[in-house]
>>> print(open('entry18.cif').read())   # mmCIF, C-alpha atoms and all ligand atoms
data_start
#
loop_
_atom_site.group_PDB
_atom_site.id
_atom_site.type_symbol
_atom_site.label_atom_id
_atom_site.label_comp_id
_atom_site.auth_asym_id
_atom_site.auth_seq_id
_atom_site.Cartn_x
_atom_site.Cartn_y
_atom_site.Cartn_z
ATOM 1 C CA MET H 1 134.575 -8.027 140.391
ATOM 2 C CA GLU H 2 131.781 -5.452 140.270
ATOM 3 C CA ILE H 3 128.307 -6.822 141.077
ATOM 4 C CA LYS H 4 125.922 -6.169 138.175
ATOM 5 C CA LYS H 5 123.136 -8.705 138.536
ATOM 6 C CA ALA H 6 120.131 -9.025 140.826
ATOM 7 C CA VAL H 7 117.550 -11.752 141.277
ATOM 8 C CA ILE H 8 114.014 -10.992 142.439
ATOM 9 C CA PRO H 9 112.017 -14.095 143.401
ATOM 10 C CA VAL H 10 108.308 -13.445 142.837
ATOM 11 C CA ALA H 11 106.990 -16.977 142.324
ATOM 12 C CA GLY H 12 105.402 -17.538 145.758
ATOM 13 C CA HIS H 13 101.649 -18.156 146.084
ATOM 14 C CA GLY H 14 101.127 -15.439 148.702
ATOM 15 C CA THR H 15 98.556 -17.554 150.534
ATOM 16 C CA ARG H 16 98.633 -15.303 153.598
ATOM 17 C CA LEU H 17 97.172 -12.523 151.479
ATOM 18 C CA LEU H 18 94.265 -14.496 150.032
ATOM 19 C CA PRO H 19 91.775 -13.626 148.662
ATOM 20 C CA ALA H 20 93.644 -10.531 147.358
ATOM 21 C CA THR H 21 96.254 -12.800 145.764
ATOM 22 C CA LYS H 22 93.884 -15.344 144.233
ATOM 23 C CA SER H 23 94.515 -14.086 140.694
ATOM 24 C CA GLN H 24 97.169 -11.379 141.078
ATOM 25 C CA PRO H 25 100.718 -11.378 142.434
ATOM 26 C CA LYS H 26 101.188 -10.025 145.963
ATOM 27 C CA GLU H 27 104.259 -8.264 144.531
ATOM 28 C CA MET H 28 101.872 -6.134 142.445
ATOM 29 C CA LEU H 29 99.749 -4.953 145.375
ATOM 30 C CA PRO H 30 99.914 -1.162 145.627
ATOM 31 C CA VAL H 31 101.722 0.538 148.473
ATOM 32 C CA GLY H 32 100.892 4.204 148.104
ATOM 33 C CA ARG H 33 101.054 4.867 144.353
ATOM 34 C CA LYS H 34 103.301 2.046 143.229
ATOM 35 C CA PRO H 35 103.195 -1.742 143.289
ATOM 36 C CA VAL H 36 105.554 -3.308 145.824
ATOM 37 C CA VAL H 37 107.897 -4.747 143.209
ATOM 38 C CA GLN H 38 108.475 -1.332 141.599
ATOM 39 C CA TYR H 39 110.083 -0.111 144.842
ATOM 40 C CA VAL H 40 112.335 -3.189 144.769
ATOM 41 C CA VAL H 41 113.395 -2.596 141.152
ATOM 42 C CA GLU H 42 114.065 1.105 141.812
ATOM 43 C CA GLU H 43 116.175 0.224 144.879
ATOM 44 C CA ILE H 44 118.254 -2.167 142.761
ATOM 45 C CA GLU H 45 118.709 0.350 139.941
ATOM 46 C CA ALA H 46 119.748 3.049 142.431
ATOM 47 C CA ALA H 47 122.454 0.677 143.715
ATOM 48 C CA GLY H 48 123.940 0.625 140.195
ATOM 49 C CA LEU H 49 122.959 -2.914 139.140
ATOM 50 C CA LYS H 50 122.297 -3.455 135.447
ATOM 51 C CA GLN H 51 120.506 -6.794 135.045
ATOM 52 C CA ILE H 52 117.463 -8.069 136.897
ATOM 53 C CA LEU H 53 116.200 -11.621 136.721
ATOM 54 C CA PHE H 54 112.651 -12.237 137.949
ATOM 55 C CA VAL H 55 111.875 -15.752 139.087
ATOM 56 C CA THR H 56 108.182 -15.827 138.215
ATOM 57 C CA GLY H 57 105.406 -18.380 138.372
ATOM 58 C CA SER H 58 101.781 -18.849 137.407
ATOM 59 C CA LYS H 59 99.534 -15.770 137.743
ATOM 60 C CA LYS H 60 102.579 -13.467 137.732
ATOM 61 C CA ARG H 61 102.318 -12.169 134.155
ATOM 62 C CA SER H 62 101.290 -8.680 135.278
ATOM 63 C CA ILE H 63 104.820 -8.154 136.653
ATOM 64 C CA GLU H 64 106.232 -8.538 133.127
ATOM 65 C CA ASP H 65 103.566 -6.197 131.767
ATOM 66 C CA HIS H 66 104.349 -3.606 134.429
ATOM 67 C CA PHE H 67 107.989 -3.281 133.373
ATOM 68 C CA ASP H 68 107.280 -3.464 129.639
ATOM 69 C CA LYS H 69 107.191 -0.080 127.920
ATOM 70 C CA ASP H 70 103.583 0.474 126.814
ATOM 71 C CA MET H 71 103.983 2.769 123.781
ATOM 72 C CA GLU H 72 100.259 2.775 122.990
ATOM 73 C CA LEU H 73 99.377 4.024 126.477
ATOM 74 C CA LEU H 74 102.128 6.676 126.402
ATOM 75 C CA LYS H 75 100.858 7.925 123.036
ATOM 76 C CA GLN H 76 97.341 8.205 124.414
ATOM 77 C CA LEU H 77 98.541 10.099 127.510
ATOM 78 C CA ARG H 78 100.586 12.492 125.360
ATOM 79 C CA GLN H 79 97.611 13.162 123.091
ATOM 80 C CA SER H 80 95.370 13.917 126.052
ATOM 81 C CA GLY H 81 98.046 16.208 127.572
ATOM 82 C CA LYS H 82 98.266 14.320 130.895
ATOM 83 C CA ALA H 83 101.793 15.486 131.704
ATOM 84 C CA SER H 84 101.755 14.585 135.409
ATOM 85 C CA ILE H 85 100.709 11.005 134.645
ATOM 86 C CA ILE H 86 103.382 10.725 131.946
ATOM 87 C CA GLU H 87 105.867 11.753 134.653
ATOM 88 C CA GLU H 88 104.650 8.867 136.869
ATOM 89 C CA MET H 89 105.228 6.453 133.963
ATOM 90 C CA LYS H 90 108.920 7.430 133.664
ATOM 91 C CA TYR H 91 109.826 4.329 135.687
ATOM 92 C CA GLN H 92 109.450 2.399 132.418
ATOM 93 C CA GLU H 93 112.612 4.058 131.122
ATOM 94 C CA ILE H 94 114.677 2.468 133.851
ATOM 95 C CA ASN H 95 118.243 1.679 132.795
ATOM 96 C CA VAL H 96 118.304 -2.075 133.513
ATOM 97 C CA SER H 97 117.677 -5.185 131.417
ATOM 98 C CA PHE H 98 114.983 -7.568 132.599
ATOM 99 C CA TYR H 99 115.106 -11.346 132.333
ATOM 100 C CA TYR H 100 112.499 -13.896 133.371
ATOM 101 C CA VAL H 101 112.707 -17.513 134.409
ATOM 102 C CA ARG H 102 109.787 -19.592 135.604
ATOM 103 C CA GLN H 103 109.543 -21.623 138.778
ATOM 104 C CA SER H 104 106.794 -24.006 137.705
ATOM 105 C CA GLU H 105 106.263 -25.531 141.137
ATOM 106 C CA GLN H 106 106.623 -23.611 144.383
ATOM 107 C CA LYS H 107 109.537 -25.475 145.939
ATOM 108 C CA GLY H 108 110.881 -22.770 148.218
ATOM 109 C CA LEU H 109 113.081 -19.705 148.065
ATOM 110 C CA ALA H 110 116.326 -21.680 147.656
ATOM 111 C CA ASP H 111 114.824 -23.454 144.640
ATOM 112 C CA ALA H 112 113.808 -20.065 143.200
ATOM 113 C CA VAL H 113 117.344 -18.671 143.650
ATOM 114 C CA ASN H 114 118.773 -21.829 142.075
ATOM 115 C CA LEU H 115 116.972 -20.937 138.843
ATOM 116 C CA ALA H 116 119.264 -17.898 138.543
ATOM 117 C CA ARG H 117 122.314 -20.147 138.125
ATOM 118 C CA ASP H 118 122.573 -19.744 134.340
ATOM 119 C CA LEU H 119 122.210 -15.961 134.361
ATOM 120 C CA VAL H 120 124.638 -15.195 137.168
ATOM 121 C CA GLU H 121 127.288 -17.702 136.032
ATOM 122 C CA ASN H 122 130.461 -17.138 138.048
ATOM 123 C CA GLU H 123 129.602 -13.746 139.491
ATOM 124 C CA SER H 124 128.373 -12.569 142.868
ATOM 125 C CA PHE H 125 124.801 -11.290 142.745
ATOM 126 C CA VAL H 126 122.133 -9.546 144.799
ATOM 127 C CA CYS H 127 118.907 -11.281 145.775
ATOM 128 C CA ALA H 128 116.005 -9.013 146.801
ATOM 129 C CA LEU H 129 112.662 -10.473 147.840
ATOM 130 C CA GLY H 130 109.923 -9.087 145.647
ATOM 131 C CA ASP H 131 107.471 -8.726 148.521
ATOM 132 C CA SER H 132 109.572 -6.471 150.760
ATOM 133 C CA ILE H 133 110.345 -2.770 150.501
ATOM 134 C CA ILE H 134 113.390 -1.173 152.143
ATOM 135 C CA SER H 135 112.680 2.461 152.843
ATOM 136 C CA SER H 136 115.720 4.599 153.551
ATOM 137 C CA PRO H 137 116.753 8.245 153.809
ATOM 138 C CA LYS H 138 118.149 9.786 150.616
ATOM 139 C CA SER H 139 121.499 10.615 152.258
ATOM 140 C CA GLY H 140 124.422 8.187 152.628
ATOM 141 C CA PRO H 141 125.094 4.881 150.843
ATOM 142 C CA SER H 142 122.047 2.653 150.496
ATOM 143 C CA LEU H 143 121.680 -0.693 152.269
ATOM 144 C CA LEU H 144 122.452 -2.623 149.055
ATOM 145 C CA LYS H 145 125.555 -0.524 148.384
ATOM 146 C CA ARG H 146 126.832 -1.154 151.932
ATOM 147 C CA MET H 147 126.104 -4.869 151.601
ATOM 148 C CA MET H 148 127.941 -5.153 148.275
ATOM 149 C CA GLU H 149 130.941 -3.321 149.738
ATOM 150 C CA VAL H 150 131.066 -5.643 152.787
ATOM 151 C CA HIS H 151 130.692 -8.678 150.520
ATOM 152 C CA ARG H 152 133.619 -7.562 148.347
ATOM 153 C CA LYS H 153 135.857 -6.426 151.192
ATOM 154 C CA HIS H 154 135.466 -9.635 153.225
ATOM 155 C CA LYS H 155 135.330 -11.968 150.208
ATOM 156 C CA ALA H 156 132.105 -13.288 151.705
ATOM 157 C CA ALA H 157 130.139 -16.298 150.475
ATOM 158 C CA CYS H 158 126.968 -14.547 151.602
ATOM 159 C CA THR H 159 126.052 -11.176 153.095
ATOM 160 C CA VAL H 160 122.559 -10.587 154.468
ATOM 161 C CA ALA H 161 120.701 -7.534 155.708
ATOM 162 C CA ILE H 162 119.460 -7.857 159.282
ATOM 163 C CA GLU H 163 117.090 -5.894 161.495
ATOM 164 C CA ARG H 164 115.958 -6.077 165.098
ATOM 165 C CA ILE H 165 112.232 -6.798 165.425
ATOM 166 C CA PRO H 166 109.831 -7.379 168.326
ATOM 167 C CA ARG H 167 110.585 -10.857 169.682
ATOM 168 C CA GLU H 168 106.991 -12.031 169.260
ATOM 169 C CA GLU H 169 107.365 -11.701 165.455
ATOM 170 C CA VAL H 170 110.550 -13.760 164.962
ATOM 171 C CA TYR H 171 108.615 -16.936 164.068
ATOM 172 C CA ARG H 172 107.910 -15.401 160.625
ATOM 173 C CA TYR H 173 111.548 -14.948 159.526
ATOM 174 C CA GLY H 174 115.089 -16.322 159.368
ATOM 175 C CA VAL H 175 116.749 -15.440 162.687
ATOM 176 C CA VAL H 176 120.515 -14.961 163.143
ATOM 177 C CA LYS H 177 123.048 -15.077 165.936
ATOM 178 C CA ILE H 178 125.877 -12.632 165.338
ATOM 179 C CA GLY H 179 129.415 -12.137 166.663
ATOM 180 C CA GLU H 180 131.014 -8.869 167.763
ATOM 181 C CA GLU H 181 130.446 -5.781 165.654
ATOM 182 C CA LEU H 182 133.255 -5.219 163.128
ATOM 183 C CA GLY H 183 132.255 -1.547 162.800
ATOM 184 C CA ASN H 184 129.564 0.400 160.975
ATOM 185 C CA GLY H 185 126.769 -2.128 161.591
ATOM 186 C CA VAL H 186 128.723 -5.088 160.139
ATOM 187 C CA PHE H 187 128.820 -8.466 161.905
ATOM 188 C CA LYS H 188 129.939 -12.000 161.239
ATOM 189 C CA ILE H 189 127.058 -14.490 161.448
ATOM 190 C CA GLU H 190 127.479 -17.477 163.780
ATOM 191 C CA GLN H 191 124.143 -19.237 163.450
ATOM 192 C CA LEU H 192 120.868 -19.036 161.508
ATOM 193 C CA VAL H 193 117.458 -20.595 162.074
ATOM 194 C CA GLU H 194 114.459 -20.404 159.751
ATOM 195 C CA LYS H 195 111.127 -19.465 161.392
ATOM 196 C CA PRO H 196 112.008 -20.644 164.935
ATOM 197 C CA ASN H 197 109.579 -20.878 167.839
ATOM 198 C CA ILE H 198 109.812 -17.667 169.855
ATOM 199 C CA GLU H 199 111.406 -19.480 172.815
ATOM 200 C CA ASP H 200 114.055 -21.215 170.606
ATOM 201 C CA ALA H 201 115.089 -18.131 168.620
ATOM 202 C CA PRO H 202 118.816 -17.344 169.073
ATOM 203 C CA SER H 203 118.065 -13.578 169.017
ATOM 204 C CA ASP H 204 115.579 -10.969 167.835
ATOM 205 C CA LEU H 205 117.649 -10.211 164.724
ATOM 206 C CA THR H 206 116.066 -11.324 161.474
ATOM 207 C CA ILE H 207 117.146 -11.497 157.842
ATOM 208 C CA ALA H 208 115.645 -8.460 156.150
ATOM 209 C CA ALA H 209 114.811 -9.642 152.612
ATOM 210 C CA ARG H 210 118.121 -8.629 151.001
ATOM 211 C CA TYR H 211 121.120 -10.897 150.270
ATOM 212 C CA VAL H 212 124.376 -10.822 148.329
ATOM 213 C CA PHE H 213 125.655 -14.236 147.238
ATOM 214 C CA SER H 214 128.803 -15.619 145.725
ATOM 215 C CA PRO H 215 128.241 -18.501 143.293
ATOM 216 C CA GLU H 216 129.142 -20.887 146.167
ATOM 217 C CA ILE H 217 125.488 -20.619 147.218
ATOM 218 C CA PHE H 218 124.516 -22.950 144.356
ATOM 219 C CA GLN H 219 126.555 -25.848 145.767
ATOM 220 C CA ALA H 220 124.918 -25.211 149.150
ATOM 221 C CA ILE H 221 121.458 -25.245 147.531
ATOM 222 C CA ASP H 222 122.327 -28.578 145.863
ATOM 223 C CA MET H 223 122.948 -30.021 149.331
ATOM 224 C CA THR H 224 119.893 -28.451 151.014
ATOM 225 C CA LEU H 225 117.202 -30.850 152.189
ATOM 226 C CA PRO H 226 113.500 -30.001 151.924
ATOM 227 C CA ASP H 227 111.777 -28.811 155.100
ATOM 228 C CA LYS H 228 108.627 -30.361 156.613
ATOM 229 C CA GLY H 229 106.504 -28.677 153.950
ATOM 230 C CA GLY H 230 108.723 -29.982 151.127
ATOM 231 C CA GLU H 231 110.287 -26.554 150.384
ATOM 232 C CA LEU H 232 113.990 -25.726 150.101
ATOM 233 C CA GLN H 233 114.667 -22.886 152.520
ATOM 234 C CA LEU H 234 117.320 -20.323 151.589
ATOM 235 C CA THR H 235 118.205 -19.887 155.274
ATOM 236 C CA ASP H 236 119.092 -23.607 155.396
ATOM 237 C CA SER H 237 121.363 -23.215 152.350
ATOM 238 C CA ILE H 238 123.140 -20.286 154.041
ATOM 239 C CA GLY H 239 123.376 -22.465 157.166
ATOM 240 C CA LEU H 240 125.260 -25.062 155.078
ATOM 241 C CA LEU H 241 127.702 -22.373 153.938
ATOM 242 C CA LEU H 242 128.331 -21.538 157.593
ATOM 243 C CA LYS H 243 128.749 -25.206 158.471
ATOM 244 C CA LYS H 244 131.562 -25.621 155.976
ATOM 245 C CA GLY H 245 133.281 -22.523 157.399
ATOM 246 C CA ALA H 246 132.476 -20.097 154.566
ATOM 247 C CA PRO H 247 132.383 -16.406 155.608
ATOM 248 C CA VAL H 248 128.830 -15.142 156.088
ATOM 249 C CA TYR H 249 128.298 -11.502 157.088
ATOM 250 C CA ALA H 250 125.398 -9.343 158.191
ATOM 251 C CA VAL H 251 124.767 -5.643 157.636
ATOM 252 C CA MET H 252 122.349 -4.043 160.104
ATOM 253 C CA LEU H 253 119.654 -1.682 158.853
ATOM 254 C CA LYS H 254 120.349 1.856 160.071
ATOM 255 C CA ASP H 255 117.979 3.657 162.453
ATOM 256 C CA LYS H 256 116.147 5.457 159.677
ATOM 257 C CA GLU H 257 115.980 2.432 157.382
ATOM 258 C CA ARG H 258 112.996 0.175 157.555
ATOM 259 C CA ARG H 259 111.939 -3.107 155.978
ATOM 260 C CA TYR H 260 108.294 -3.408 155.032
ATOM 261 C CA ASP H 261 107.258 -7.024 154.537
ATOM 262 C CA ILE H 262 104.101 -7.052 152.434
ATOM 263 C CA GLY H 263 103.522 -10.788 152.876
ATOM 264 C CA ASN H 264 100.916 -10.572 155.653
ATOM 265 C CA TYR H 265 97.980 -8.221 156.148
ATOM 266 C CA GLU H 266 99.234 -6.611 159.343
ATOM 267 C CA SER H 267 102.481 -5.360 157.830
ATOM 268 C CA TYR H 268 100.893 -4.692 154.425
ATOM 269 C CA PHE H 269 98.337 -2.343 156.009
ATOM 270 C CA LYS H 270 101.077 -0.577 158.009
ATOM 271 C CA ALA H 271 103.177 -0.160 154.854
ATOM 272 C CA PHE H 272 100.256 1.240 152.902
ATOM 273 C CA VAL H 273 99.431 3.796 155.585
ATOM 274 C CA ASP H 274 103.072 4.912 155.987
ATOM 275 C CA PHE H 275 103.597 5.377 152.250
ATOM 276 C CA ALA H 276 100.221 7.016 151.675
ATOM 277 C CA LEU H 277 100.989 9.485 154.484
ATOM 278 C CA GLN H 278 104.224 10.405 152.669
ATOM 279 C CA ASP H 279 102.406 11.059 149.392
ATOM 280 C CA GLU H 280 103.244 14.560 148.140
ATOM 281 C CA LYS H 281 99.736 15.321 146.949
ATOM 282 C CA TYR H 282 97.427 13.387 149.278
ATOM 283 C CA GLY H 283 99.571 12.706 152.377
ATOM 284 C CA HIS H 284 98.424 15.769 154.337
ATOM 285 C CA ILE H 285 94.755 15.140 153.442
ATOM 286 C CA LEU H 286 95.017 11.554 154.686
ATOM 287 C CA ARG H 287 96.773 12.733 157.870
ATOM 288 C CA HIS H 288 93.926 15.137 158.536
ATOM 289 C CA TYR H 289 91.325 12.441 157.771
ATOM 290 C CA LEU H 290 92.985 9.885 160.049
ATOM 291 C CA SER H 291 93.462 12.267 162.949
ATOM 292 C CA ARG H 292 89.764 13.246 162.809
ATOM 293 C CA LYS H 293 88.713 9.627 162.544
ATOM 294 C CA LEU H 294 90.906 8.421 165.418
HETATM 295 P P1 LIG G 1 107.267 -16.069 151.158
HETATM 296 O O1 LIG G 1 108.176 -16.778 152.065
HETATM 297 O O2 LIG G 1 106.495 -14.926 151.737
HETATM 298 O O3 LIG G 1 106.284 -17.138 150.500
HETATM 299 O O4 LIG G 1 108.137 -15.570 149.928
HETATM 300 P P2 LIG G 1 104.939 -17.010 149.692
HETATM 301 O O5 LIG G 1 104.640 -18.375 149.213
HETATM 302 O O6 LIG G 1 104.999 -15.958 148.638
HETATM 303 O O7 LIG G 1 103.826 -16.526 150.747
HETATM 304 P P3 LIG G 1 102.806 -17.375 151.659
HETATM 305 O O8 LIG G 1 103.637 -17.970 152.748
HETATM 306 O O9 LIG G 1 102.127 -18.397 150.772
HETATM 307 O O10 LIG G 1 101.851 -16.340 152.161
HETATM 308 C C1 LIG G 1 109.052 -14.491 149.956
HETATM 309 C C2 LIG G 1 109.367 -14.101 148.515
HETATM 310 O O11 LIG G 1 109.943 -15.221 147.829
HETATM 311 C C3 LIG G 1 109.187 -15.595 146.695
HETATM 312 C C4 LIG G 1 107.801 -14.966 146.917
HETATM 313 O O12 LIG G 1 107.155 -14.667 145.684
HETATM 314 C C5 LIG G 1 108.110 -13.727 147.726
HETATM 315 O O13 LIG G 1 108.368 -12.587 146.917
HETATM 316 N N1 LIG G 1 109.161 -17.084 146.575
HETATM 317 C C6 LIG G 1 108.852 -17.865 147.646
HETATM 318 C C7 LIG G 1 109.455 -17.672 145.367
HETATM 319 O O14 LIG G 1 109.743 -16.987 144.350
HETATM 320 N N2 LIG G 1 109.410 -19.035 145.259
HETATM 321 C C8 LIG G 1 109.107 -19.842 146.308
HETATM 322 O O15 LIG G 1 109.090 -21.098 146.140
HETATM 323 C C9 LIG G 1 108.822 -19.234 147.537
#
>>> encode(input="entry18.cif", output="structure tokens", more="lines below")
Ligand code: UTP
Amino acid sequence: MEIKKAVIPVAGHGTRLLPATKSQPKEMLPVGRKPVVQYVVEEIEAAGLKQILFVTGSKKRSIEDHFDKDMELLKQLRQSGKASIIEEMKYQEINVSFYYVRQSEQKGLADAVNLARDLVENESFVCALGDSIISSPKSGPSLLKRMMEVHRKHKAACTVAIERIPREEVYRYGVVKIGEELGNGVFKIEQLVEKPNIEDAPSDLTIAARYVFSPEIFQAIDMTLPDKGGELQLTDSIGLLLKKGAPVYAVMLKDKERRYDIGNYESYFKAFVDFALQDEKYGHILRHYLSRKL
């Protein structure tokens, strides 16, 4: 069956980005010209998905406002003849339907995904973290398209994106151990660990903020136990799928693809600089400014 639905969890508190996230969602922080979550929505639309469910929480209302068509503002821009700005606002005409469900208490990513149960029903679905951008070249099938194809072909219970990162950063992510390559950057997963100590990590390959799930994930979430902090970790739910012998696959990011995690200041700053340098209008000015300054 064709995959049509995507879930974007955006209910986290974003404590690592305080004070910037005291009263605004980290998913709405700008990277270049657009808020982080707009890149995520555009990536999902480009992969051909038609329905997006946001799992939101308190202080996340601006995400709904961002994707709501603001007719009053458009009218004003038209009247003042600001054609280039109207062009930038075209994202509002995106061809997907948005749905919202609220995670009233932050109980972890698996709990957030569980709230999608009613919308996705018996279908496989994509889950894309709202605080991570995947940048990729325009040519060739996108990461999400490759993941959906692998998921369908192997009748997987779960397919995750993975990337190799410097070993000293693995403690921030879910880390996987993979089997032999099945071709084209596709692997079967043998083991997963959430935020391991550097010395205990089974590899330097981490889950890169994109997942495809079959509805089986909901039974695994039901059986997932809270971690030390009381949260239900999605990596643990996937681990339970593996434990019962369900097929779990990984698709490696290609050389020119990159995951930008906006959840901590170091990678947020790097993302902002990279995207600002690519800006059509101001990129070359910033490049000149930075090279003089450095
Ligand atoms: P993080 O793991 O970065 O958690 O979430 P966080 O709570 O937002 O950040 P810190 O650790 O306090 O700094 C990854 C993505 O999953 C969502 C977040 O909004 C983010 O987009 N998330 C996380 C939820 O929707 N619900 C949760 O319970 C946890």
>>> atom_distance(input="entry18.cif", atom1="atom CA of Arg61 of chain H", atom2="atom CA of Leu232 of chain H")
24.0 Å
>>> resolve_selection(input="entry18.cif", expression="the PyMOL selection byres (((not hetatm)) within 9 of (chain G and resi 1))", output="ChimeraX atom specification")
/H:8-18,25-27,37,54-57,103,105-113,128-132,172-173,209,231-233,261-264
>>> write_last_selection(input="entry18.cif", atoms="C-alpha atoms", output="PDB file, keeping the file's coordinate frame")
ATOM      1  CA  ILE H   8     114.014 -10.992 142.439  1.00  0.00           C
ATOM      2  CA  PRO H   9     112.017 -14.095 143.401  1.00  0.00           C
ATOM      3  CA  VAL H  10     108.308 -13.445 142.837  1.00  0.00           C
ATOM      4  CA  ALA H  11     106.990 -16.977 142.324  1.00  0.00           C
ATOM      5  CA  GLY H  12     105.402 -17.538 145.758  1.00  0.00           C
ATOM      6  CA  HIS H  13     101.649 -18.156 146.084  1.00  0.00           C
ATOM      7  CA  GLY H  14     101.127 -15.439 148.702  1.00  0.00           C
ATOM      8  CA  THR H  15      98.556 -17.554 150.534  1.00  0.00           C
ATOM      9  CA  ARG H  16      98.633 -15.303 153.598  1.00  0.00           C
ATOM     10  CA  LEU H  17      97.172 -12.523 151.479  1.00  0.00           C
ATOM     11  CA  LEU H  18      94.265 -14.496 150.032  1.00  0.00           C
ATOM     12  CA  PRO H  25     100.718 -11.378 142.434  1.00  0.00           C
ATOM     13  CA  LYS H  26     101.188 -10.025 145.963  1.00  0.00           C
ATOM     14  CA  GLU H  27     104.259  -8.264 144.531  1.00  0.00           C
ATOM     15  CA  VAL H  37     107.897  -4.747 143.209  1.00  0.00           C
ATOM     16  CA  PHE H  54     112.651 -12.237 137.949  1.00  0.00           C
ATOM     17  CA  VAL H  55     111.875 -15.752 139.087  1.00  0.00           C
ATOM     18  CA  THR H  56     108.182 -15.827 138.215  1.00  0.00           C
ATOM     19  CA  GLY H  57     105.406 -18.380 138.372  1.00  0.00           C
ATOM     20  CA  GLN H 103     109.543 -21.623 138.778  1.00  0.00           C
ATOM     21  CA  GLU H 105     106.263 -25.531 141.137  1.00  0.00           C
ATOM     22  CA  GLN H 106     106.623 -23.611 144.383  1.00  0.00           C
ATOM     23  CA  LYS H 107     109.537 -25.475 145.939  1.00  0.00           C
ATOM     24  CA  GLY H 108     110.881 -22.770 148.218  1.00  0.00           C
ATOM     25  CA  LEU H 109     113.081 -19.705 148.065  1.00  0.00           C
ATOM     26  CA  ALA H 110     116.326 -21.680 147.656  1.00  0.00           C
ATOM     27  CA  ASP H 111     114.824 -23.454 144.640  1.00  0.00           C
ATOM     28  CA  ALA H 112     113.808 -20.065 143.200  1.00  0.00           C
ATOM     29  CA  VAL H 113     117.344 -18.671 143.650  1.00  0.00           C
ATOM     30  CA  ALA H 128     116.005  -9.013 146.801  1.00  0.00           C
ATOM     31  CA  LEU H 129     112.662 -10.473 147.840  1.00  0.00           C
ATOM     32  CA  GLY H 130     109.923  -9.087 145.647  1.00  0.00           C
ATOM     33  CA  ASP H 131     107.471  -8.726 148.521  1.00  0.00           C
ATOM     34  CA  SER H 132     109.572  -6.471 150.760  1.00  0.00           C
ATOM     35  CA  ARG H 172     107.910 -15.401 160.625  1.00  0.00           C
ATOM     36  CA  TYR H 173     111.548 -14.948 159.526  1.00  0.00           C
ATOM     37  CA  ALA H 209     114.811  -9.642 152.612  1.00  0.00           C
ATOM     38  CA  GLU H 231     110.287 -26.554 150.384  1.00  0.00           C
ATOM     39  CA  LEU H 232     113.990 -25.726 150.101  1.00  0.00           C
ATOM     40  CA  GLN H 233     114.667 -22.886 152.520  1.00  0.00           C
ATOM     41  CA  ASP H 261     107.258  -7.024 154.537  1.00  0.00           C
ATOM     42  CA  ILE H 262     104.101  -7.052 152.434  1.00  0.00           C
ATOM     43  CA  GLY H 263     103.522 -10.788 152.876  1.00  0.00           C
ATOM     44  CA  ASN H 264     100.916 -10.572 155.653  1.00  0.00           C
TER      45      ASN H 264
END
>>> closest_residue(input="entry18.cif", among="H:Arg117, H:Asn184, H:Pro247, H:Ser104", to="Leu143 of chain H", atoms="all atoms listed in the file")
H:Asn184
>>> atom_distance(input="entry18.cif", atom1="atom CA of Ile162 of chain H", atom2="atom CA of Gln51 of chain H")
24.3 Å
>>> resolve_selection(input="entry18.cif", expression="the PyMOL selection byres (((chain H and resi 214-229) around 12) and not hetatm)", output="PyMOL selection string")
chain H and resi 1-3+5-6+106-127+148+151-152+154-160+194-195+211-213+230-244+246-248
>>> atom_distance(input="entry18.cif", atom1="atom CA of Gly32 of chain H", atom2="atom CA of Ser97 of chain H")
25.5 Å
>>> residues_around(input="entry18.cif", residues="Glu257 of chain H", least_positions_apart="2", cutoff="12 Å", atoms="all atoms listed in the file", output="list in words")
Ile133, Ile134, Ser135, Ser136, Pro137, Lys138, Ser139, Gly140, Pro141, Ser142, Leu143, Leu144, Ala161, Ile162, Glu163, Arg164, Ala208, Val251, Met252, Leu253, Lys254, Asp255, Arg259 and Tyr260 of chain H
>>> closest_residue(input="entry18.cif", among="H:Arg292, H:Ile86, H:Pro35, H:Ile178", to="Phe275 of chain H", atoms="all atoms listed in the file")
H:Pro35
>>> residues_near_point(input="entry18.cif", point="(110.7, 4.6, 135.9)", cutoff="10 Å", atoms="all atoms listed in the file", output="ChimeraX atom specification")
/H:38,41-42,45,67,69,87-95
>>> write_last_selection(input="entry18.cif", atoms="C-alpha atoms", output="tab-separated table (two decimals), in the frame of the given file")
chain	number	residue	atom	x	y	z
H	38	GLN	CA	108.48	-1.33	141.60
H	41	VAL	CA	113.40	-2.60	141.15
H	42	GLU	CA	114.06	1.10	141.81
H	45	GLU	CA	118.71	0.35	139.94
H	67	PHE	CA	107.99	-3.28	133.37
H	69	LYS	CA	107.19	-0.08	127.92
H	87	GLU	CA	105.87	11.75	134.65
H	88	GLU	CA	104.65	8.87	136.87
H	89	MET	CA	105.23	6.45	133.96
H	90	LYS	CA	108.92	7.43	133.66
H	91	TYR	CA	109.83	4.33	135.69
H	92	GLN	CA	109.45	2.40	132.42
H	93	GLU	CA	112.61	4.06	131.12
H	94	ILE	CA	114.68	2.47	133.85
H	95	ASN	CA	118.24	1.68	132.79
>>> axis_aligned_box(input="entry18.cif", around="segment 54-59 of chain H", padding_each_side="8 Å", output="AutoDock Vina command-line options")
--center_x 106.1 --center_y -15.5 --center_z 138.2 --size_x 29.1 --size_y 22.6 --size_z 17.7
>>> resolve_selection(input="entry18.cif", expression="the PyMOL selection byres (((chain H and resi 167) around 10) and not hetatm)", output="VMD selection string")
chain H and resid 164 to 166 168 to 171 198 to 199 201 203 to 206
>>> closest_residue(input="entry18.cif", among="H:Tyr39, H:Phe272, H:Val7, H:Ser62", to="Gln24 of chain H", atoms="only C-alpha atoms")
H:Ser62
